Amino acid sequence: MSPANIKVLIVDDVSETRENVRKLLQFEADVEVVGAARTGREAIDLAAELRPDVVLMDINMPDMDGISATEAILQKSPFIQIIILSVQSDPNYMRRAMLAGARDFLTKPPMGDDLISAIRRAGKMAQQEKSKSVQPYPGAGIATSMSAGMGGIPVTRGKVIVVYSPKGGTGCTTIAVNLALTLHNDDTRTVLVDGNLQFGDVAVFLNEQGKNTILDLTTRADELDPEIVESVMIRHGASGLHVLASPTRPEQAEGVSGDQFSKLADYLRQLYAYVVIDTPSLLTDVTLAAIDASDVIVLVATQDIPSIKNARLFLDLSITLGINRERIVFAMNRYDKRIAITPERVGENLRQAVDAVIPLDERIVIPSVNRGVPFVIDNKAQPAARGIFTLAESIRNRLSVSQADELPVKR
Ligand SMILES: Nc1ncnc2c1ncn2[C@@H]1O[C@H](COP(=O)(O)OP(=O)(O)OP(=O)(O)O)[C@@H](O)[C@H]1O
Ligand SMILES: [Mg+2]
């Protein structure tokens with residue numbers, strides 16, 4: 001089959017109707033029926049799996065009407081074009097269908113020629129939408145609204161947030177995972193990227209696994225499109241957060257260059273409001289590329305001298321790297337009030353105020369990691385989660401200051 005074929009999914013609860021439509025289409029060389037669904041829910045699943053260009057959608061179905069199914073499909077895959085088929089030619093139905101985002105409306109049973117020309121029109125639209133290299137998800141709205149660009153054309157540019165610590169084991173992954181979940185919602189869709197390419201454990205923290213990894217995107221860094229990205233992401237069941245997992249084996253880390261990683265980060269910011277990247281301590285080309293791409297660096301330290309010493313080394317290095325201190329949000333993790341090294345003292349000592357403090361709470365944090373249920377999901381009221389919420393708030397404030405192009409915050 002040539003790639004120019006228009007892929008069609010038929011949705012109807014009556015098998016005879018499905019067969020009739022299939023027969024009408026079988027001799028069209030440019031139309032390929034890729035599947036048929038019997039219910040609204042099945043349609044949503046098959047649309048996500050088969051990625052058709054066009055869906056022929058019945059309205060009246062037992063579980064979910066075709067209009068709700070249309071909305072759900074378009075939310076996930078905005079490029080899909082939906083043609084509603086209905087026995088009622090009621091203008092009210094048509095209006096609702098159009099509002100739901102349907103492309104066309106035909107009465108049942110459709111005439112062969114009408115159906116085929118509607119499919120061709122819709123197929124062309126779908127392919128145009130897909131070929132656009134920049135196709136922001138509806139959820140990248142924050143970026144759109146914040147940066148309405150030249151001539152009022154919205155410029156979508158999500159924010160890249162890198163979680164980094166110059167010392168291992170201080171809690172970067174714990175923070176990255178809980179932070180991404182906090183930032184993610186319908187209006188600010190977020191992706192969590194595992195930038196720890198050798199021993200990444202982001203997916204484990206979320207108790208998720210998938211067959212695709214970051215390698216599926218970095219190897220195509222020059223030819224990314226929203227569909228490829230969407231197909232590679234793991235969807236976190238409880239939240240819908242998108243997760244880009246690290247390679248399955250440590251030796252595969254070498255397959256990713258800093259340049260590829262930069263291109264990927266830049267591409268993802270066109271699709272998501274926030275791109276949260278977990279990183280290892282070692283400053284590899286990839287970690288440096290992540291830092292370079294970032295709008296905010298969450299620098300993580302703990303209350304021990306080696307960690308603070310390394311934070312100082314990193315802050316010194318940041319000058320060489322040309323990182324403005326305003327880009328750094330400083331987080332103290334595993335804070336224990338019994339230890340005399342207070343956040344205030346660390347802040348003064350390093351001339352970088354601590355913006356958020358996440359307390360040591362082994363009773364909550366360690367089981368949350370082992371169960372794969374981050375604590376911001378089921379322990380929102382606990383101090384550890386509140387520390388993450390403060391961190392998210394500091395980041396939002398920092399971004400809105402830099403966005404408004406005001407003078408840097410004095411510290
Ligand atoms: N605030 C906290 N209270 C108690 N335990 C914590 C806290 N934060 C992290 N931990 C625990 O510390 C351990 C290390 O955390 P994590 O894996 O997030 O660190 P990391 O910086 O990503 O480590 P690595 O350098 O290996 O990538 C985990 O077992 C985690 O459960
Ligand atoms: Mg880690």
# chains A, B, ... in the order shown; residues from 1 in each chain; ligands from 1

$ select_by_dssp --residues "range 26-98 of chain A" --states "strand (DSSP E or B)" --output "number ranges by chain"
A: 31-37, 54-58, 81-86

$ write_last_selection --atoms "N, CA and C atoms" --output "mmCIF file, in the first residue's frame"
data_model
loop_
_atom_site.group_PDB
_atom_site.id
_atom_site.type_symbol
_atom_site.label_atom_id
_atom_site.label_comp_id
_atom_site.auth_asym_id
_atom_site.auth_seq_id
_atom_site.Cartn_x
_atom_site.Cartn_y
_atom_site.Cartn_z
ATOM 1 N N VAL A 31 -8.212 4.368 -0.965
ATOM 2 C CA VAL A 31 -8.848 4.285 0.350
ATOM 3 C C VAL A 31 -8.603 2.900 0.941
ATOM 4 N N GLU A 32 -8.146 2.896 2.181
ATOM 5 C CA GLU A 32 -7.862 1.612 2.821
ATOM 6 C C GLU A 32 -8.618 1.543 4.151
ATOM 7 N N VAL A 33 -9.521 0.578 4.261
ATOM 8 C CA VAL A 33 -10.234 0.424 5.537
ATOM 9 C C VAL A 33 -9.301 -0.329 6.494
ATOM 10 N N VAL A 34 -8.870 0.371 7.557
ATOM 11 C CA VAL A 34 -7.889 -0.257 8.457
ATOM 12 C C VAL A 34 -8.541 -0.961 9.640
ATOM 13 N N GLY A 35 -9.824 -0.680 9.856
ATOM 14 C CA GLY A 35 -10.466 -1.350 10.979
ATOM 15 C C GLY A 35 -11.919 -0.952 11.109
ATOM 16 N N ALA A 36 -12.619 -1.679 11.985
ATOM 17 C CA ALA A 36 -14.024 -1.377 12.235
ATOM 18 C C ALA A 36 -14.286 -1.537 13.722
ATOM 19 N N ALA A 37 -15.063 -0.599 14.277
ATOM 20 C CA ALA A 37 -15.374 -0.658 15.705
ATOM 21 C C ALA A 37 -16.880 -0.750 15.879
ATOM 22 N N VAL A 54 -9.198 9.078 8.622
ATOM 23 C CA VAL A 54 -10.619 9.427 8.619
ATOM 24 C C VAL A 54 -11.393 8.393 9.428
ATOM 25 N N VAL A 55 -12.347 8.870 10.217
ATOM 26 C CA VAL A 55 -13.236 7.951 10.938
ATOM 27 C C VAL A 55 -14.651 8.190 10.437
ATOM 28 N N LEU A 56 -15.324 7.103 10.040
ATOM 29 C CA LEU A 56 -16.743 7.195 9.674
ATOM 30 C C LEU A 56 -17.514 6.807 10.916
ATOM 31 N N MET A 57 -18.240 7.755 11.469
ATOM 32 C CA MET A 57 -18.786 7.568 12.825
ATOM 33 C C MET A 57 -20.306 7.571 12.823
ATOM 34 N N ASP A 58 -20.858 6.491 13.333
ATOM 35 C CA ASP A 58 -22.303 6.408 13.561
ATOM 36 C C ASP A 58 -22.640 7.282 14.780
ATOM 37 N N GLN A 81 -9.766 13.181 10.926
ATOM 38 C CA GLN A 81 -10.952 13.861 10.414
ATOM 39 C C GLN A 81 -12.140 12.917 10.574
ATOM 40 N N ILE A 82 -13.196 13.415 11.154
ATOM 41 C CA ILE A 82 -14.332 12.539 11.457
ATOM 42 C C ILE A 82 -15.554 12.916 10.626
ATOM 43 N N ILE A 83 -16.107 11.909 9.979
ATOM 44 C CA ILE A 83 -17.334 12.114 9.203
ATOM 45 C C ILE A 83 -18.452 11.394 9.942
ATOM 46 N N ILE A 84 -19.475 12.138 10.297
ATOM 47 C CA ILE A 84 -20.590 11.542 11.029
ATOM 48 C C ILE A 84 -21.610 10.993 10.031
ATOM 49 N N LEU A 85 -22.062 9.780 10.300
ATOM 50 C CA LEU A 85 -23.125 9.195 9.488
ATOM 51 C C LEU A 85 -24.324 9.005 10.401
ATOM 52 N N SER A 86 -25.459 9.565 9.975
ATOM 53 C CA SER A 86 -26.611 9.444 10.865
ATOM 54 C C SER A 86 -27.896 9.336 10.074
#

$ closest_atom_pairs --of "chain A" --to "ligand 2" --cutoff "10 Å" --atoms "only C-alpha atoms and all ligand atoms" --output "Markdown table"
| residue | atom | partner | partner_atom_place_in_ligand_line | distance |
| --- | --- | --- | --- | --- |
| A:Val163 | CA | ligand 2 | 1 (Mg) | 9.6 |
| A:Tyr164 | CA | ligand 2 | 1 (Mg) | 9.2 |
| A:Ser165 | CA | ligand 2 | 1 (Mg) | 9.4 |
| A:Gly168 | CA | ligand 2 | 1 (Mg) | 7.4 |
| A:Gly169 | CA | ligand 2 | 1 (Mg) | 6.6 |
| A:Thr170 | CA | ligand 2 | 1 (Mg) | 8.3 |
| A:Gly171 | CA | ligand 2 | 1 (Mg) | 6.6 |
| A:Cys172 | CA | ligand 2 | 1 (Mg) | 5.4 |
| A:Thr173 | CA | ligand 2 | 1 (Mg) | 4.1 |
| A:Thr174 | CA | ligand 2 | 1 (Mg) | 7.3 |
| A:Ile175 | CA | ligand 2 | 1 (Mg) | 9.2 |
| A:Ala176 | CA | ligand 2 | 1 (Mg) | 8.7 |
| A:Val177 | CA | ligand 2 | 1 (Mg) | 9.9 |
| A:Asp194 | CA | ligand 2 | 1 (Mg) | 8.8 |
| A:Gly195 | CA | ligand 2 | 1 (Mg) | 9.2 |
| A:Asn196 | CA | ligand 2 | 1 (Mg) | 6.9 |
| A:Phe199 | CA | ligand 2 | 1 (Mg) | 7.8 |
| A:Gly200 | CA | ligand 2 | 1 (Mg) | 6.4 |
| A:Asp201 | CA | ligand 2 | 1 (Mg) | 6.5 |
| A:Val202 | CA | ligand 2 | 1 (Mg) | 7.5 |
| A:Phe205 | CA | ligand 2 | 1 (Mg) | 9.7 |
| A:Asp278 | CA | ligand 2 | 1 (Mg) | 6.9 |
| A:Thr279 | CA | ligand 2 | 1 (Mg) | 6.8 |
| A:Pro280 | CA | ligand 2 | 1 (Mg) | 6.1 |
| A:Ser281 | CA | ligand 2 | 1 (Mg) | 8.5 |

$ closest_residue --among "A:Ile328, A:Ile44, A:Ala245, A:Ile323" --to "Met64 in chain A" --atoms "only C-alpha atoms"
A:Ile44

$ residues_around --residues "Tyr93 in chain A" --least-positions-apart "5" --cutoff "12 Å" --atoms "only C-alpha atoms" --output "PDB file with all heavy atoms, in the first residue's frame"
ATOM      1  N   ASP A  58     -20.858   6.491  13.333  1.00  0.00           N
ATOM      2  CA  ASP A  58     -22.303   6.408  13.561  1.00  0.00           C
ATOM      3  C   ASP A  58     -22.640   7.282  14.780  1.00  0.00           C
ATOM      4  O   ASP A  58     -21.787   7.501  15.637  1.00  0.00           O
ATOM      5  CB  ASP A  58     -22.620   4.932  13.838  1.00  0.00           C
ATOM      6  CG  ASP A  58     -24.095   4.698  14.061  1.00  0.00           C
ATOM      7  OD1 ASP A  58     -24.907   5.473  13.524  1.00  0.00           O
ATOM      8  OD2 ASP A  58     -24.433   3.727  14.773  1.00  0.00           O
ATOM      9  N   ILE A  59     -23.873   7.779  14.868  1.00  0.00           N
ATOM     10  CA  ILE A  59     -24.221   8.570  16.067  1.00  0.00           C
ATOM     11  C   ILE A  59     -24.787   7.702  17.180  1.00  0.00           C
ATOM     12  O   ILE A  59     -24.305   7.736  18.310  1.00  0.00           O
ATOM     13  CB  ILE A  59     -25.199   9.720  15.742  1.00  0.00           C
ATOM     14  CG1 ILE A  59     -24.443  10.823  14.986  1.00  0.00           C
ATOM     15  CG2 ILE A  59     -25.778  10.293  17.041  1.00  0.00           C
ATOM     16  CD1 ILE A  59     -25.056  12.188  15.096  1.00  0.00           C
ATOM     17  N   ASN A  60     -25.790   6.915  16.862  1.00  0.00           N
ATOM     18  CA  ASN A  60     -26.453   6.161  17.933  1.00  0.00           C
ATOM     19  C   ASN A  60     -25.783   4.818  18.153  1.00  0.00           C
ATOM     20  O   ASN A  60     -25.838   3.939  17.301  1.00  0.00           O
ATOM     21  CB  ASN A  60     -27.924   5.937  17.597  1.00  0.00           C
ATOM     22  CG  ASN A  60     -28.672   7.255  17.585  1.00  0.00           C
ATOM     23  OD1 ASN A  60     -28.483   8.096  18.461  1.00  0.00           O
ATOM     24  ND2 ASN A  60     -29.481   7.454  16.570  1.00  0.00           N
ATOM     25  N   ASP A  65     -22.425   7.843  22.631  1.00  0.00           N
ATOM     26  CA  ASP A  65     -22.845   8.290  21.302  1.00  0.00           C
ATOM     27  C   ASP A  65     -21.643   8.760  20.479  1.00  0.00           C
ATOM     28  O   ASP A  65     -20.565   9.025  21.014  1.00  0.00           O
ATOM     29  CB  ASP A  65     -23.980   9.313  21.378  1.00  0.00           C
ATOM     30  CG  ASP A  65     -23.508  10.662  21.871  1.00  0.00           C
ATOM     31  OD1 ASP A  65     -22.355  11.022  21.597  1.00  0.00           O
ATOM     32  OD2 ASP A  65     -24.288  11.361  22.543  1.00  0.00           O
ATOM     33  N   GLY A  66     -21.872   8.807  19.157  1.00  0.00           N
ATOM     34  CA  GLY A  66     -20.777   9.114  18.237  1.00  0.00           C
ATOM     35  C   GLY A  66     -20.200  10.498  18.453  1.00  0.00           C
ATOM     36  O   GLY A  66     -19.035  10.751  18.128  1.00  0.00           O
ATOM     37  N   ILE A  67     -21.005  11.394  19.034  1.00  0.00           N
ATOM     38  CA  ILE A  67     -20.504  12.759  19.224  1.00  0.00           C
ATOM     39  C   ILE A  67     -19.496  12.796  20.376  1.00  0.00           C
ATOM     40  O   ILE A  67     -18.420  13.391  20.251  1.00  0.00           O
ATOM     41  CB  ILE A  67     -21.686  13.730  19.428  1.00  0.00           C
ATOM     42  CG1 ILE A  67     -22.428  13.817  18.080  1.00  0.00           C
ATOM     43  CG2 ILE A  67     -21.207  15.095  19.881  1.00  0.00           C
ATOM     44  CD1 ILE A  67     -23.656  14.672  18.067  1.00  0.00           C
ATOM     45  N   ILE A  84     -19.475  12.138  10.297  1.00  0.00           N
ATOM     46  CA  ILE A  84     -20.590  11.542  11.029  1.00  0.00           C
ATOM     47  C   ILE A  84     -21.610  10.993  10.031  1.00  0.00           C
ATOM     48  O   ILE A  84     -21.945  11.657   9.042  1.00  0.00           O
ATOM     49  CB  ILE A  84     -21.275  12.613  11.928  1.00  0.00           C
ATOM     50  CG1 ILE A  84     -20.276  13.207  12.909  1.00  0.00           C
ATOM     51  CG2 ILE A  84     -22.523  12.052  12.585  1.00  0.00           C
ATOM     52  CD1 ILE A  84     -20.220  12.576  14.263  1.00  0.00           C
ATOM     53  N   LEU A  85     -22.062   9.780  10.300  1.00  0.00           N
ATOM     54  CA  LEU A  85     -23.125   9.195   9.488  1.00  0.00           C
ATOM     55  C   LEU A  85     -24.324   9.005  10.401  1.00  0.00           C
ATOM     56  O   LEU A  85     -24.207   8.371  11.445  1.00  0.00           O
ATOM     57  CB  LEU A  85     -22.686   7.832   8.942  1.00  0.00           C
ATOM     58  CG  LEU A  85     -21.506   7.842   7.978  1.00  0.00           C
ATOM     59  CD1 LEU A  85     -21.126   6.433   7.578  1.00  0.00           C
ATOM     60  CD2 LEU A  85     -21.871   8.632   6.731  1.00  0.00           C
ATOM     61  N   SER A  86     -25.459   9.565   9.975  1.00  0.00           N
ATOM     62  CA  SER A  86     -26.611   9.444  10.865  1.00  0.00           C
ATOM     63  C   SER A  86     -27.896   9.336  10.074  1.00  0.00           C
ATOM     64  O   SER A  86     -28.016   9.929   8.997  1.00  0.00           O
ATOM     65  CB  SER A  86     -26.669  10.652  11.786  1.00  0.00           C
ATOM     66  OG  SER A  86     -27.900  10.657  12.458  1.00  0.00           O
ATOM     67  N   VAL A  87     -28.844   8.574  10.621  1.00  0.00           N
ATOM     68  CA  VAL A  87     -30.142   8.498   9.945  1.00  0.00           C
ATOM     69  C   VAL A  87     -30.896   9.817  10.083  1.00  0.00           C
ATOM     70  O   VAL A  87     -31.641  10.208   9.211  1.00  0.00           O
ATOM     71  CB  VAL A  87     -31.022   7.334  10.472  1.00  0.00           C
ATOM     72  CG1 VAL A  87     -30.647   6.044   9.779  1.00  0.00           C
ATOM     73  CG2 VAL A  87     -30.930   7.202  11.966  1.00  0.00           C
ATOM     74  N   GLN A  88     -30.665  10.495  11.204  1.00  0.00           N
ATOM     75  CA  GLN A  88     -31.356  11.775  11.368  1.00  0.00           C
ATOM     76  C   GLN A  88     -30.578  12.875  10.658  1.00  0.00           C
ATOM     77  O   GLN A  88     -29.381  12.998  10.870  1.00  0.00           O
ATOM     78  CB  GLN A  88     -31.440  12.193  12.848  1.00  0.00           C
ATOM     79  CG  GLN A  88     -32.196  11.244  13.718  1.00  0.00           C
ATOM     80  CD  GLN A  88     -31.238  10.466  14.600  1.00  0.00           C
ATOM     81  OE1 GLN A  88     -30.127  10.154  14.195  1.00  0.00           O
ATOM     82  NE2 GLN A  88     -31.689  10.138  15.792  1.00  0.00           N
ATOM     83  N   MET A  98     -20.695  19.220  14.575  1.00  0.00           N
ATOM     84  CA  MET A  98     -19.678  20.194  14.144  1.00  0.00           C
ATOM     85  C   MET A  98     -18.959  20.779  15.354  1.00  0.00           C
ATOM     86  O   MET A  98     -17.752  20.970  15.343  1.00  0.00           O
ATOM     87  CB  MET A  98     -20.308  21.331  13.326  1.00  0.00           C
ATOM     88  CG  MET A  98     -20.911  20.881  12.024  1.00  0.00           C
ATOM     89  SD  MET A  98     -19.667  20.129  10.949  1.00  0.00           S
ATOM     90  CE  MET A  98     -20.674  19.456   9.655  1.00  0.00           C
ATOM     91  N   LEU A  99     -19.752  21.056  16.404  1.00  0.00           N
ATOM     92  CA  LEU A  99     -19.132  21.607  17.615  1.00  0.00           C
ATOM     93  C   LEU A  99     -18.140  20.628  18.224  1.00  0.00           C
ATOM     94  O   LEU A  99     -17.128  21.016  18.805  1.00  0.00           O
ATOM     95  CB  LEU A  99     -20.207  21.964  18.651  1.00  0.00           C
ATOM     96  CG  LEU A  99     -20.952  23.261  18.397  1.00  0.00           C
ATOM     97  CD1 LEU A  99     -22.048  23.447  19.442  1.00  0.00           C
ATOM     98  CD2 LEU A  99     -20.000  24.449  18.434  1.00  0.00           C
ATOM     99  N   ALA A 100     -18.468  19.344  18.091  1.00  0.00           N
ATOM    100  CA  ALA A 100     -17.556  18.331  18.637  1.00  0.00           C
ATOM    101  C   ALA A 100     -16.297  18.224  17.781  1.00  0.00           C
ATOM    102  O   ALA A 100     -15.338  17.564  18.165  1.00  0.00           O
ATOM    103  CB  ALA A 100     -18.259  16.974  18.711  1.00  0.00           C
ATOM    104  N   ALA A 102     -16.415  17.424  14.294  1.00  0.00           N
ATOM    105  CA  ALA A 102     -16.551  16.554  13.122  1.00  0.00           C
ATOM    106  C   ALA A 102     -16.312  17.367  11.856  1.00  0.00           C
ATOM    107  O   ALA A 102     -16.615  18.564  11.802  1.00  0.00           O
ATOM    108  CB  ALA A 102     -17.943  15.932  13.094  1.00  0.00           C
ATOM    109  N   ASP A 104     -17.467  16.450   8.701  1.00  0.00           N
ATOM    110  CA  ASP A 104     -18.528  16.352   7.701  1.00  0.00           C
ATOM    111  C   ASP A 104     -19.689  15.557   8.279  1.00  0.00           C
ATOM    112  O   ASP A 104     -19.537  14.885   9.304  1.00  0.00           O
ATOM    113  CB  ASP A 104     -17.961  15.642   6.460  1.00  0.00           C
ATOM    114  CG  ASP A 104     -18.572  16.201   5.193  1.00  0.00           C
ATOM    115  OD1 ASP A 104     -19.697  16.730   5.265  1.00  0.00           O
ATOM    116  OD2 ASP A 104     -17.921  16.105   4.137  1.00  0.00           O
ATOM    117  N   PHE A 105     -20.810  15.629   7.604  1.00  0.00           N
ATOM    118  CA  PHE A 105     -22.027  14.996   8.119  1.00  0.00           C
ATOM    119  C   PHE A 105     -22.772  14.410   6.919  1.00  0.00           C
ATOM    120  O   PHE A 105     -23.104  15.124   5.982  1.00  0.00           O
ATOM    121  CB  PHE A 105     -22.875  16.088   8.784  1.00  0.00           C
ATOM    122  CG  PHE A 105     -23.973  15.565   9.646  1.00  0.00           C
ATOM    123  CD1 PHE A 105     -23.825  15.504  11.026  1.00  0.00           C
ATOM    124  CD2 PHE A 105     -25.171  15.132   9.077  1.00  0.00           C
ATOM    125  CE1 PHE A 105     -24.847  15.026  11.825  1.00  0.00           C
ATOM    126  CE2 PHE A 105     -26.193  14.654   9.877  1.00  0.00           C
ATOM    127  CZ  PHE A 105     -26.039  14.603  11.259  1.00  0.00           C
ATOM    128  N   LEU A 106     -23.010  13.097   6.923  1.00  0.00           N
ATOM    129  CA  LEU A 106     -23.745  12.476   5.816  1.00  0.00           C
ATOM    130  C   LEU A 106     -24.924  11.698   6.382  1.00  0.00           C
ATOM    131  O   LEU A 106     -24.834  11.124   7.463  1.00  0.00           O
ATOM    132  CB  LEU A 106     -22.840  11.492   5.054  1.00  0.00           C
ATOM    133  CG  LEU A 106     -21.633  12.054   4.315  1.00  0.00           C
ATOM    134  CD1 LEU A 106     -20.811  10.923   3.699  1.00  0.00           C
ATOM    135  CD2 LEU A 106     -22.063  13.026   3.219  1.00  0.00           C
ATOM    136  N   THR A 107     -26.013  11.681   5.615  1.00  0.00           N
ATOM    137  CA  THR A 107     -27.145  10.881   6.100  1.00  0.00           C
ATOM    138  C   THR A 107     -26.992   9.436   5.624  1.00  0.00           C
ATOM    139  O   THR A 107     -26.378   9.156   4.602  1.00  0.00           O
ATOM    140  CB  THR A 107     -28.512  11.445   5.644  1.00  0.00           C
ATOM    141  OG1 THR A 107     -28.393  11.813   4.286  1.00  0.00           O
ATOM    142  CG2 THR A 107     -28.927  12.627   6.486  1.00  0.00           C
TER     143      THR A 107
END

$ residues_around --residues "Lys159 in chain A" --least-positions-apart "3" --cutoff "8 Å" --atoms "only C-alpha atoms" --output "list in words"
Ala143, Arg269, Ala273, Tyr274, Val275, Ser294, Asp295 and Val296 of chain A
